[in-house]
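Engineer: Quick one: this structure, given as structure tokens, is what I'll be asking you about.
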Amino acid sequence: MNDDDVVRLEALTKRYGSGRTEVTVLGPVDLGFERGCFTAVMGPSGSGKSTLLQCAAGLDGPSSGRVVLDGTDLAALSETARTRFRRTATGFVFQAYNLLPSLTAEQNVALPLRLAGRRPARGEVRRALEQVGLGDRAGSRPHHLSGGQQQRVAVARALVTRPAVLFADEPTGALDLTTGRELLRVLRDLVHSPGERAAGTVVMVTHDPQVAAFADRVVFLADGLLAGELRSPTAEAVAERMTALGRPAAEETAGAPC
Amino acid sequence: MLRIALGTLRVRWVSFLGTVVALVLAVAQLTALGVVLMSAAEPAQRPPHRFARAPAVVLPADPHWDSAQHDLGVRSPAAARGLSARLIRDVSATGTTVVDRAFYAQFADGGTKKQVGHPWPVAEFGGYALRDGRAPRAANEIVVPSGRARTGESVTVLTAADGPGRYTVVGTVTPVGWEDAVFFAAAEAERLSPRVDALVALGPVERVRALVPDTAEVLTGAGRHRADADAADDREALDNTLTLLPVMAAVAGTTAVFVVASTFAFAVVQRRREIALLRTVGATGRQVRRMVRAEALLVGCLASSLGGALGLLGTRPLTGLLIAMDVAPPWFAVEISARPGVLAPLGAAVLTGLLVALCGAVAAARRASRVRPVEALREDTAEDTAVPPGRAALGLVGLAGGAGTACWIGFAAPRTVLSPTAYVVSLLVPVVAVAALAPLLVGPVVRMLTRPLRRLRGPAALVVRQSALTSRRRTAATAAPVLLTVGLALSLLTATDSLGAARDAGFRAGVGAPYAVVPQDGTRGFSPRVAERVARVAGVRVAAPVLTTVYFPDGDGRLEENDGLAVDAGALRRSTRLKVVHGSLDDLDGRSMAVAERWGMEVGDRVRTRLADGRDVTLRVAATYAALPGEDVAYLPERFAGTGLFARDGLVRRASLSLAPGVDRPAALARVRAALAGSGAQLTTRDGLVAAEAAQARRLTETRQRSTAVIVVLFCFVAILNTLLMATADRRRDLTVLGLAGATPRQVLHFFVAEALLVTAVGVTLALLAAGINLLGLGAALHQLFGTAPVVVPWAAVGAVTAASALLAVLGTVVPVASALRRRAARAVGP
Ligand SMILES: Nc1ncnc2c1ncn2[C@@H]1O[C@H](COP(=O)(O)OP(=O)(O)OP(=O)(O)O)[C@@H](O)[C@H]1O
Ligand SMILES: [Mg+2]
């Protein structure tokens with residue numbers, strides 16, 4: 001962990017239920033995500049990846065521990081203040097159902113700005129859509145877009161506020177290989193874009209080693225706890241590590257096809 | 001944000017339409033009821049008729065008497081006595097005067113009870129002029145409107161003083177719309193009706209005014225309308241309307257408010273996913289609430305205004321309905337114009353609709369926005385099963401209140417069930433309370449209802465049960481209108497029928513004679529002379545009470561009026577079975593009376609009593625008896641029968657008749673029938689009497705509660721259809737998932753129909769629960785009032801309402817499911 005971390009998780013835990021039915025699904029976890037780095041979070045199903053991501057993004061409150069996002073301690077904020085902060089400091093992309101079906105792609109992308117009480121500047125929304133290669137579909141409604149296009153609109157929306165971090169929870173989960181790759185390239189370009197000024201930060205959950213290979217760093221999670229990490233990973237190395245993790249517990253992940 | 005709100009409306013148009021329909025209909029209903037109610041309360045603006053050509057009219061008046069607070073047809077002491085001879089003499093000193101009397105005078109053949117007798121000299125002030133013939137001079141001469149008889153004809157006229165009498169028509173006048181008069185010579189009119197109802201004074205008005213004491217008033221200009229009979233008629237005719245409409249408005253209003261609030265809340269619940277998504281994208285709770293509020297405001301304004309307009313249009317069918325149900329007189333009409341009587345209820349209804357819609361939506365949005373965004377997104381069908389504490393508390397308080405009220409009515413205040421207004425409103429409480437608690441009760445009820453189905457092999461039972469259980473809020477929202485419909489119908493109709501049955505039983509128990517003499521159809525009563533004639537038939541005993549009014553001092557120096565029946569004491573003992581509490585009817589004589597126990601008099605009390613003809617007498621209380629409200633009268637000595645001519649019309653409403661032992665029954669009855677021929681009265685048996693009386697007494701309460709039930713049930717039917725359409729149209733995803741899991745379209749349809757039926761069953765079960773509370777109270781109250789009185793449930797009507805509810809629920813499900821399936825099939829085949 002170092003000062004360059006844009007997100008810092010300190011002794012983070014998450015428990016569900018209460019009394020005898022209480023289960024700890026995450027933590028304690030100490031982890032940092034560096035600025036200008038594309039990080040993938042991996043682990044078997046149910047290992048707490050989504051929980052970690054949601055806590056890190058401020059979508060969910062931890063049971064204990066701290067989340068410091070871009071220098072702000074989220075615990076110190078009220079629900080409303082946290083929402084306001086989250087709105088500008090983070091972007092979030094889910095596996096599916098990211099868009100309001102009633103709004104066009106352009107309106108969906110402009111939503112965070114409008115929620116912040118800001119009238120989107122000319123071209124601002126267009127630029128975000130062009131960044132994900134959808135400049136020509138601004139007026140389409142979600143049900144006229146393909147799954148991959150919908151996900152790219154969701155990425156554009158997550159980008160439009162120029163957040164410090166973009167979180168994505170299995171963004172390619174519902175996409176075929178080619179479409180998924182396109183999306184991943186978009187994400188990687190955010191971090192290592194040739195011309196753009198500030199390098200972005202992306203944290204992405206996945207359980208596909210091929211997908212994880214796009215990242216600069218892979219963090220492994222098992223049963224809610226950190227289980228090591230890889231820098232500049234290859235798909236093979238990630239798959240190997242995953243098989244090791246999945247061996248004792250989950251048969252299902254071991255046999256899962258790519 | 002408004003753009004987002006508008007956008008959502010476009011996508012969820014069924015849900016949106018559902019809220020609009022609910023609100024439009026609710027506001028329309030409130031507006032129509034409100035406007036009609038206000039119009040009924042407004043005094044009819046009619047020009048003076050009878051005294052249109054008289055400069056001034058003197059009427060008896062009582063400054064302490066507000067006729068609105070007394071039963072219809074009851075006169076103040078001053079009005080009963082009429083204008084005194086002294087006053088007439090005094091006023092006559094200022095100029096010419098003409099006396100008016102109004103009394104019962106009806107043709108024996110083809111007459112109506114609207115016919116009224118007047119002295120001829122007053123006719124000219126009503127604008128009457130002879131068409132042919134001449135004015136009546138002799139005692140047996142009359143003038144009538146030309147439609148009634150021809151000049152020269154001889155007719156039988158029924159009067160209170162004489163019974164049937166032969167009169168010759170000596171002239172006719174042009175008929176008028178405002179009365180159906182029979183004009184007598186002045187002296188004959190005085191003999192038939194001693195009371196002077198009004199005096200036309202042709203002298204200078206100022207001098208007349210100066211002379212008149214405060215027991216009389218002088219009317220001029222438009223005020224002369226007050227002297228018209230139809231002013232009283234209007235009030236009488238609208239009395240039903242005025243008592244019924246507030247009850248209707250209360251019941252319909254509560255139902256409408258509940259349905260609108262829950263429809264709007266349900267529409268928001270359906271959008272939890274979107275709200276959650278907005279929250280994850282960065283909308284604060286407040287922004288979400290503001291959006292929902294803006295949207296509800298928009299929809300609310302639109303639908304409320306539409307509803308208001310529809311309501312104004314609806315006043316016409318509503319008055320038509322009221323007239324058809326005999327709740328309003330045929331001439332009743334509502335004029336729509338920009339006046340307070342229309343604008344106030346319209347504004348109130350529109351505003352109520354708007355506020356209720358807003359409250360329902362905002363309360364639901366508050367709940368939706370409080371859920372943490374991830375939690376709401378995690379599950380596919382974002383569902384909250386918890387009842388918000390506010391609603392739970394309100395529901396519990398309501399339920400406790402309802403049960404408490406039922407107990408209180410049942411054990412402490414059983415008479416409440418006899419007053420339709422208070423009672424009908426109290427019936428609402430448990431039903432609405434259970435509806436509010438429905439999300440909480442749905443779980444146990446569904447489990448109970450599906451327990452017997454557990455054994456079934458097929459997947460339907462499992463799928464349906466689990467679907468109803470996981471989406472408790474949806475199940476509750478769709479079951480609520482069924483619950484309201486069946487619960488209210490069951491409570492209202494059972495209360496009506498049980499009360500009617502109990503009253504019949506009570507009335508039957510009170511009738512002691514095997515026969516009765518009753519007025520023929522279209523006649524108000526019959527003359528005591530007719531009763532005397534029957535009494536002269538050998539072997540026949542008759543008790544013929546004359547309805548009158550007595551006034552007792554109420555302690556504040558004022559007089560309190562009560563109905564009185566002047567009847568022979570011996571005949572009373574023989575013919576009626578009063579529940580005597582203290583004293584004995586045997587002690588009744590010419591100077592004593594029997595009174596209702598609830599008036600608080602003691603046996604042996606000497607009561608100073610003002611009679612309707614102005615006399616003061618002292619009467620001893622010989623007996624007190626138990627009477628229901630509305631059935632309490634003073635039984636007076638027969639010698640006061642003549643006061644009936646002052647108080648009312650001097651007629652006998654019903655006489656009981658029995659035969660002496662050993663009399664040849666058929667022969668005696670034949671002689672009675674002969675004596676009654678052409679008298680306007682007829683012989684009937686005890687059963688016939690009870691049936692006729694029951695029909696009469698029940699008509700009013702039944703109309704009241706039935707018409708309320710009709711309006712409420714109609715509205716609820718729409719609500720059932722509406723909510724189920726809303727709920728089902730929102731479940732395209734369930735449809736797809738079932739299809740993916742391998743269900744054929746037919747199976748999918750079956751699942752949904754089964755679920756609709758389960759929802760109906762849940763609603764009906766909850767309705768039984770709520771109505772059970774009401775009926776327990778009712779049963780206890782009836783038991784106290786009438787002894788053994790069973791609760792009569794009109795199963796046929798309730799069953800029909802339930803069946804219709806189930807049908808609508810199925811319809812509201814099948815239509816959207818079938819259309820979605822068809823669309824899916826089309827898509828599968830198409831490109
Ligand atoms: N609301 C909840 N209540 C109780 N347990 C929960 C809740 N949400 C998640 N869990 C549990 O927490 C654990 C971690 O869940 P999480 O969604 O973070 O897993 P994941 O690693 O994202 O799995 P996947 O790869 O399948 O998406 C799981 O065992 C899950 O059952
Ligand atoms: Mg996950």
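Ordering of the structure tokens sets the chain letters (A, B, ...), residue numbers begin anew at 1 in every chain, and ligands are numbered from 1 in the order given.
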Kindly assemble as a Markdown table a list of the chain A residues that lie within 7 Å of chain B, each paired with its nearest atom pair and their distance in Å to one decimal, using only C-alpha atoms, sorted first by chain and then by ascending residue number.
Structural biologist:
```
| residue | atom | partner | partner_atom | distance |
| --- | --- | --- | --- | --- |
| A:Leu59 | CA | B:Val374 | CA | 6.3 |
| A:Asp60 | CA | B:Val374 | CA | 6.5 |
| A:Thr80 | CA | B:Thr284 | CA | 5.6 |
| A:Thr83 | CA | B:Gly282 | CA | 5.5 |
| A:Arg84 | CA | B:Gly282 | CA | 6.5 |
| A:Arg86 | CA | B:Gly282 | CA | 6.6 |
| A:Arg87 | CA | B:Gly282 | CA | 4.6 |
| A:Leu100 | CA | B:Glu274 | CA | 6.6 |
| A:Ser102 | CA | B:Gly7 | CA | 4.9 |
| A:Leu103 | CA | B:Gly7 | CA | 6.1 |
| A:Pro112 | CA | B:Val281 | CA | 6.2 |
| A:Leu115 | CA | B:Ala283 | CA | 5.8 |
```
Engineer: Could you give me, as a PyMOL selection string, the residues within 8 Å of region 161-178 of chain A, counting only C-alpha atoms and dropping anything in the same chain fewer than 6 positions from it?
Structural biologist: chain A and resi 6+50+53+57+70+87-96+112-113+147-148+151+184+200-207
Engineer: Using only C-alpha atoms and all ligand atoms, what does the table of chain A residues within 9 Å of ligand 1 look like, with each row giving the shortest atom pair and its distance in Å to one decimal, sorted by chain and ascending number, as a Markdown table?
Structural biologist:
```
| residue | atom | partner | partner_atom_place_in_ligand_line | distance |
| --- | --- | --- | --- | --- |
| A:Lys14 | CA | ligand 1 | 12 (O) | 8.5 |
| A:Arg15 | CA | ligand 1 | 5 (N) | 7.8 |
| A:Tyr16 | CA | ligand 1 | 4 (C) | 4.8 |
| A:Gly17 | CA | ligand 1 | 4 (C) | 6.2 |
| A:Glu22 | CA | ligand 1 | 4 (C) | 8.5 |
| A:Val23 | CA | ligand 1 | 5 (N) | 7.4 |
| A:Thr24 | CA | ligand 1 | 12 (O) | 7.8 |
| A:Val25 | CA | ligand 1 | 12 (O) | 4.8 |
| A:Leu26 | CA | ligand 1 | 14 (C) | 7.2 |
| A:Met42 | CA | ligand 1 | 21 (O) | 8.0 |
| A:Gly43 | CA | ligand 1 | 21 (O) | 6.4 |
| A:Pro44 | CA | ligand 1 | 25 (O) | 6.0 |
| A:Ser45 | CA | ligand 1 | 25 (O) | 3.5 |
| A:Gly46 | CA | ligand 1 | 19 (O) | 3.5 |
| A:Ser47 | CA | ligand 1 | 21 (O) | 3.9 |
| A:Gly48 | CA | ligand 1 | 18 (O) | 3.1 |
| A:Lys49 | CA | ligand 1 | 21 (O) | 3.8 |
| A:Ser50 | CA | ligand 1 | 22 (O) | 3.7 |
| A:Thr51 | CA | ligand 1 | 18 (O) | 3.7 |
| A:Leu52 | CA | ligand 1 | 18 (O) | 6.5 |
| A:Leu53 | CA | ligand 1 | 18 (O) | 8.1 |
| A:Gln54 | CA | ligand 1 | 18 (O) | 8.5 |
| A:Asp169 | CA | ligand 1 | 22 (O) | 8.1 |
| A:Glu170 | CA | ligand 1 | 27 (O) | 8.1 |
| A:Val205 | CA | ligand 1 | 22 (O) | 7.9 |
| A:Thr206 | CA | ligand 1 | 25 (O) | 7.4 |
| A:His207 | CA | ligand 1 | 25 (O) | 6.7 |
| A:Leu221 | CA | ligand 1 | 21 (O) | 8.0 |
| A:Ala222 | CA | ligand 1 | 21 (O) | 8.3 |
| A:Asp223 | CA | ligand 1 | 14 (C) | 8.1 |
| A:Gly224 | CA | ligand 1 | 14 (C) | 7.2 |
```
Engineer: Near region 298-310 of chain B, within 9 Å and counting only C-alpha atoms, which residues show up once chain neighbours fewer than 3 positions away are dropped, as a PyMOL selection string?
Structural biologist: chain B and resi 16+19-32+293-295+313-315+346-347+349-358
Engineer: Excluding region 593-609 of chain B and residues on its chain fewer than 4 positions from it, collect all residues at most 8 Å away from it, counting only C-alpha atoms, and give them as a PyMOL selection string.
Structural biologist: chain B and resi 550-553+581-583+585+588-589+616-627+632-637
Engineer: Using DSSP secondary structure from the backbone, list all helix (DSSP H, G or I) positions within region 429-550 of chain B, as an NGL selection string.
Structural biologist: :B and (429-455 or 459-470 or 472-510 or 528-535)
Engineer: Which of these, A:Val191, A:Val218, A:Leu12, A:Ala239, has the shortest distance to Gly36 (chain A) once you count only C-alpha atoms?
Structural biologist: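 Smallest distance to Gly36 (chain A) is found for A:Val191.
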Engineer: What's the 8 Å shell around region 115-122 of chain B, counting only C-alpha atoms, without same-chain residues fewer than 4 positions away, as a compact mmCIF listing (two decimals) with all heavy atoms, in the first residue's frame?
Structural biologist:
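Listing of out-v4.txt after writing:
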```
# COMPACT_ATOMS: atom_id res chain seq x y z
N VAL B 98 -108.17 37.23 3.79
CA VAL B 98 -108.74 35.97 3.30
C VAL B 98 -108.01 34.82 3.98
O VAL B 98 -106.79 34.79 4.01
CB VAL B 98 -108.58 35.85 1.76
CG1 VAL B 98 -109.21 34.54 1.27
CG2 VAL B 98 -109.21 37.04 1.06
N VAL B 99 -108.79 33.90 4.52
CA VAL B 99 -108.23 32.78 5.28
C VAL B 99 -107.87 31.63 4.33
O VAL B 99 -108.60 31.35 3.39
CB VAL B 99 -109.28 32.32 6.31
CG1 VAL B 99 -108.99 30.90 6.78
CG2 VAL B 99 -109.32 33.29 7.47
N ASP B 100 -106.71 31.02 4.59
CA ASP B 100 -106.38 29.80 3.83
C ASP B 100 -106.27 28.62 4.79
O ASP B 100 -105.75 28.76 5.90
CB ASP B 100 -105.06 29.96 3.06
CG ASP B 100 -104.79 28.73 2.18
OD1 ASP B 100 -105.79 28.09 1.75
OD2 ASP B 100 -103.62 28.42 1.92
N ARG B 101 -106.78 27.50 4.37
CA ARG B 101 -106.62 26.23 5.09
C ARG B 101 -106.14 25.22 4.07
O ARG B 101 -106.52 25.28 2.90
CB ARG B 101 -107.96 25.75 5.67
CG ARG B 101 -108.63 26.77 6.57
CD ARG B 101 -110.08 26.39 6.84
NE ARG B 101 -110.81 27.54 7.36
CZ ARG B 101 -110.86 27.87 8.65
NH1 ARG B 101 -110.24 27.12 9.54
NH2 ARG B 101 -111.51 28.93 9.04
N ALA B 102 -105.32 24.29 4.53
CA ALA B 102 -104.88 23.22 3.63
C ALA B 102 -105.14 21.92 4.36
O ALA B 102 -104.74 21.76 5.51
CB ALA B 102 -103.39 23.36 3.32
N PHE B 103 -105.86 21.01 3.72
CA PHE B 103 -106.23 19.79 4.43
C PHE B 103 -106.41 18.64 3.47
O PHE B 103 -106.47 18.82 2.24
CB PHE B 103 -107.52 20.03 5.24
CG PHE B 103 -108.64 20.63 4.45
CD1 PHE B 103 -109.59 19.81 3.84
CD2 PHE B 103 -108.75 22.02 4.29
CE1 PHE B 103 -110.63 20.37 3.10
CE2 PHE B 103 -109.78 22.56 3.55
CZ PHE B 103 -110.72 21.75 2.95
N TYR B 104 -106.51 17.45 4.05
CA TYR B 104 -106.66 16.23 3.28
C TYR B 104 -108.02 16.19 2.61
O TYR B 104 -109.06 16.28 3.29
CB TYR B 104 -106.49 15.02 4.20
CG TYR B 104 -106.78 13.70 3.55
CD1 TYR B 104 -105.89 13.13 2.64
CD2 TYR B 104 -107.95 13.01 3.86
CE1 TYR B 104 -106.17 11.91 2.06
CE2 TYR B 104 -108.23 11.78 3.27
CZ TYR B 104 -107.34 11.25 2.36
OH TYR B 104 -107.62 10.05 1.78
N ALA B 105 -108.02 16.10 1.32
CA ALA B 105 -109.27 15.97 0.57
C ALA B 105 -108.91 15.24 -0.71
O ALA B 105 -108.18 15.76 -1.54
CB ALA B 105 -109.86 17.33 0.25
N GLN B 106 -109.37 14.01 -0.84
CA GLN B 106 -108.92 13.17 -1.95
C GLN B 106 -110.10 12.49 -2.60
O GLN B 106 -111.00 11.99 -1.92
CB GLN B 106 -107.92 12.13 -1.42
CG GLN B 106 -107.43 11.21 -2.49
CD GLN B 106 -106.39 10.23 -1.95
OE1 GLN B 106 -105.87 10.39 -0.85
NE2 GLN B 106 -106.11 9.21 -2.73
N PHE B 107 -110.11 12.49 -3.93
CA PHE B 107 -111.16 11.78 -4.64
C PHE B 107 -111.09 10.29 -4.29
O PHE B 107 -110.00 9.72 -4.29
CB PHE B 107 -111.00 11.94 -6.15
CG PHE B 107 -111.53 13.24 -6.69
CD1 PHE B 107 -111.63 14.36 -5.86
CD2 PHE B 107 -111.94 13.35 -8.01
CE1 PHE B 107 -112.12 15.56 -6.36
CE2 PHE B 107 -112.44 14.53 -8.50
CZ PHE B 107 -112.53 15.65 -7.70
N GLY B 111 -108.21 9.57 -7.31
CA GLY B 111 -107.50 10.70 -6.68
C GLY B 111 -106.08 10.30 -6.33
O GLY B 111 -105.68 9.17 -6.49
N GLY B 126 -103.64 32.50 -5.96
CA GLY B 126 -102.73 31.57 -6.63
C GLY B 126 -102.85 31.70 -8.14
O GLY B 126 -102.25 30.92 -8.87
N ALA B 135 -118.40 29.64 -8.61
CA ALA B 135 -117.73 29.38 -7.34
C ALA B 135 -118.62 28.49 -6.47
O ALA B 135 -119.84 28.54 -6.58
CB ALA B 135 -117.46 30.69 -6.63
N PRO B 136 -118.01 27.67 -5.57
CA PRO B 136 -118.83 26.84 -4.67
C PRO B 136 -119.48 27.72 -3.61
O PRO B 136 -118.85 28.60 -3.07
CB PRO B 136 -117.81 25.88 -4.06
CG PRO B 136 -116.50 26.57 -4.16
CD PRO B 136 -116.57 27.46 -5.36
N VAL B 143 -114.99 23.09 -6.48
CA VAL B 143 -114.39 23.44 -7.77
C VAL B 143 -113.05 22.69 -7.84
O VAL B 143 -112.32 22.64 -6.85
CB VAL B 143 -114.17 24.97 -7.87
CG1 VAL B 143 -113.23 25.30 -9.02
CG2 VAL B 143 -115.50 25.68 -8.04
N GLU B 179 -99.76 22.20 -7.44
CA GLU B 179 -100.63 21.52 -6.50
C GLU B 179 -101.81 20.93 -7.24
O GLU B 179 -102.02 21.17 -8.43
CB GLU B 179 -101.13 22.46 -5.37
CG GLU B 179 -102.16 23.47 -5.82
CD GLU B 179 -102.77 24.25 -4.66
OE1 GLU B 179 -102.39 24.02 -3.50
OE2 GLU B 179 -103.62 25.10 -4.91
N ASP B 180 -102.56 20.10 -6.54
CA ASP B 180 -103.74 19.45 -7.11
C ASP B 180 -104.86 19.75 -6.12
O ASP B 180 -105.06 19.03 -5.14
CB ASP B 180 -103.45 17.95 -7.22
CG ASP B 180 -104.53 17.22 -8.00
OD1 ASP B 180 -105.56 17.87 -8.34
OD2 ASP B 180 -104.36 16.02 -8.25
N ALA B 181 -105.53 20.87 -6.35
CA ALA B 181 -106.41 21.41 -5.31
C ALA B 181 -107.86 20.94 -5.46
O ALA B 181 -108.31 20.59 -6.56
CB ALA B 181 -106.38 22.94 -5.34
N VAL B 182 -108.55 20.90 -4.34
CA VAL B 182 -110.01 20.74 -4.32
C VAL B 182 -110.53 21.93 -3.53
O VAL B 182 -110.20 22.10 -2.35
CB VAL B 182 -110.42 19.43 -3.62
CG1 VAL B 182 -111.92 19.29 -3.63
CG2 VAL B 182 -109.74 18.23 -4.29
N PHE B 183 -111.29 22.82 -4.19
CA PHE B 183 -111.75 24.04 -3.52
C PHE B 183 -113.15 23.84 -2.97
O PHE B 183 -114.06 23.40 -3.68
CB PHE B 183 -111.74 25.21 -4.49
CG PHE B 183 -110.34 25.65 -4.84
CD1 PHE B 183 -109.81 25.38 -6.09
CD2 PHE B 183 -109.55 26.31 -3.90
CE1 PHE B 183 -108.53 25.77 -6.41
CE2 PHE B 183 -108.26 26.70 -4.22
CZ PHE B 183 -107.74 26.44 -5.47
N PHE B 184 -113.30 24.14 -1.67
CA PHE B 184 -114.59 24.04 -0.99
C PHE B 184 -115.11 25.44 -0.70
O PHE B 184 -114.33 26.41 -0.69
CB PHE B 184 -114.42 23.30 0.34
CG PHE B 184 -114.04 21.85 0.18
CD1 PHE B 184 -112.71 21.48 -0.01
CD2 PHE B 184 -115.00 20.84 0.24
CE1 PHE B 184 -112.35 20.15 -0.14
CE2 PHE B 184 -114.65 19.51 0.11
CZ PHE B 184 -113.33 19.16 -0.09
N ALA B 185 -116.39 25.51 -0.40
CA ALA B 185 -116.93 26.78 0.10
C ALA B 185 -116.26 27.08 1.43
O ALA B 185 -115.86 26.16 2.15
CB ALA B 185 -118.44 26.65 0.28
N ALA B 186 -116.12 28.38 1.78
CA ALA B 186 -115.33 28.77 2.95
C ALA B 186 -115.85 28.11 4.22
O ALA B 186 -115.06 27.61 5.05
CB ALA B 186 -115.36 30.29 3.09
N GLU B 188 -117.60 25.30 4.59
CA GLU B 188 -117.37 23.87 4.56
C GLU B 188 -115.89 23.58 4.87
O GLU B 188 -115.57 22.66 5.62
CB GLU B 188 -117.75 23.31 3.18
CG GLU B 188 -117.43 21.84 2.96
CD GLU B 188 -118.31 20.88 3.77
OE1 GLU B 188 -119.11 21.37 4.60
OE2 GLU B 188 -118.18 19.66 3.58
N ALA B 189 -114.99 24.39 4.30
CA ALA B 189 -113.55 24.22 4.55
C ALA B 189 -113.28 24.38 6.03
O ALA B 189 -112.49 23.63 6.62
CB ALA B 189 -112.75 25.22 3.73
N GLU B 190 -113.94 25.34 6.65
CA GLU B 190 -113.71 25.57 8.08
C GLU B 190 -114.19 24.37 8.90
O GLU B 190 -113.55 23.97 9.87
CB GLU B 190 -114.45 26.83 8.53
CG GLU B 190 -114.21 27.12 9.99
CD GLU B 190 -114.77 28.47 10.43
OE1 GLU B 190 -115.31 29.18 9.56
OE2 GLU B 190 -114.66 28.78 11.61
N VAL B 200 -104.26 35.88 4.07
CA VAL B 200 -103.86 36.89 3.09
C VAL B 200 -104.35 38.24 3.61
O VAL B 200 -105.53 38.38 3.95
CB VAL B 200 -104.47 36.59 1.72
CG1 VAL B 200 -104.17 37.72 0.74
CG2 VAL B 200 -103.98 35.26 1.20
```
Engineer: Among region 25-241 of chain A, which residues carry a DSSP assignment of strand (DSSP E), reported as a PyMOL selection string?
Structural biologist: chain A and resi 25-34+38-42+64-69+72-73+90-93+165-169+202-205+217-222+225-231
Engineer: Set the distance at 7 Å and use only C-alpha atoms: which residues neighbour Leu225 (chain A) once local chain neighbours fewer than 6 positions away are removed? I'd like the list as a PDB file with N, CA, C and O atoms, in the first residue's frame.
Structural biologist:
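Okay, around-v5.pdb is ready:
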```pdb
ATOM      1  N   LEU A  26     -16.768 -11.109   3.856  1.00  0.00           N
ATOM      2  CA  LEU A  26     -15.585 -10.411   3.353  1.00  0.00           C
ATOM      3  C   LEU A  26     -14.701  -9.987   4.519  1.00  0.00           C
ATOM      4  O   LEU A  26     -15.197  -9.490   5.536  1.00  0.00           O
ATOM      5  N   GLY A  27     -13.402 -10.182   4.336  1.00  0.00           N
ATOM      6  CA  GLY A  27     -12.436  -9.556   5.201  1.00  0.00           C
ATOM      7  C   GLY A  27     -12.074 -10.329   6.451  1.00  0.00           C
ATOM      8  O   GLY A  27     -12.537 -11.442   6.654  1.00  0.00           O
ATOM      9  N   PRO A  28     -11.183  -9.742   7.246  1.00  0.00           N
ATOM     10  CA  PRO A  28     -10.672  -8.379   7.035  1.00  0.00           C
ATOM     11  C   PRO A  28      -9.700  -8.287   5.854  1.00  0.00           C
ATOM     12  O   PRO A  28      -8.872  -9.166   5.677  1.00  0.00           O
ATOM     13  N   VAL A  29      -9.872  -7.226   5.082  1.00  0.00           N
ATOM     14  CA  VAL A  29      -9.081  -7.021   3.874  1.00  0.00           C
ATOM     15  C   VAL A  29      -8.360  -5.678   3.962  1.00  0.00           C
ATOM     16  O   VAL A  29      -8.985  -4.668   4.276  1.00  0.00           O
TER      17      VAL A  29
END
```
Engineer: As a ChimeraX atom specification, please: the residues near region 218-223 of chain B (cut-off 12 Å, only C-alpha atoms, same-chain neighbours under 4 positions excluded).
Structural biologist: /B:45-61,91,198-202,204-214,227-228,231
Engineer: What gap, in Å, lies between CA of Pro661 (chain B) and CA of Asp687 (chain B)?
Structural biologist: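 For CA of Pro661 (chain B) relative to CA of Asp687 (chain B), the distance reads 20.6 Å.
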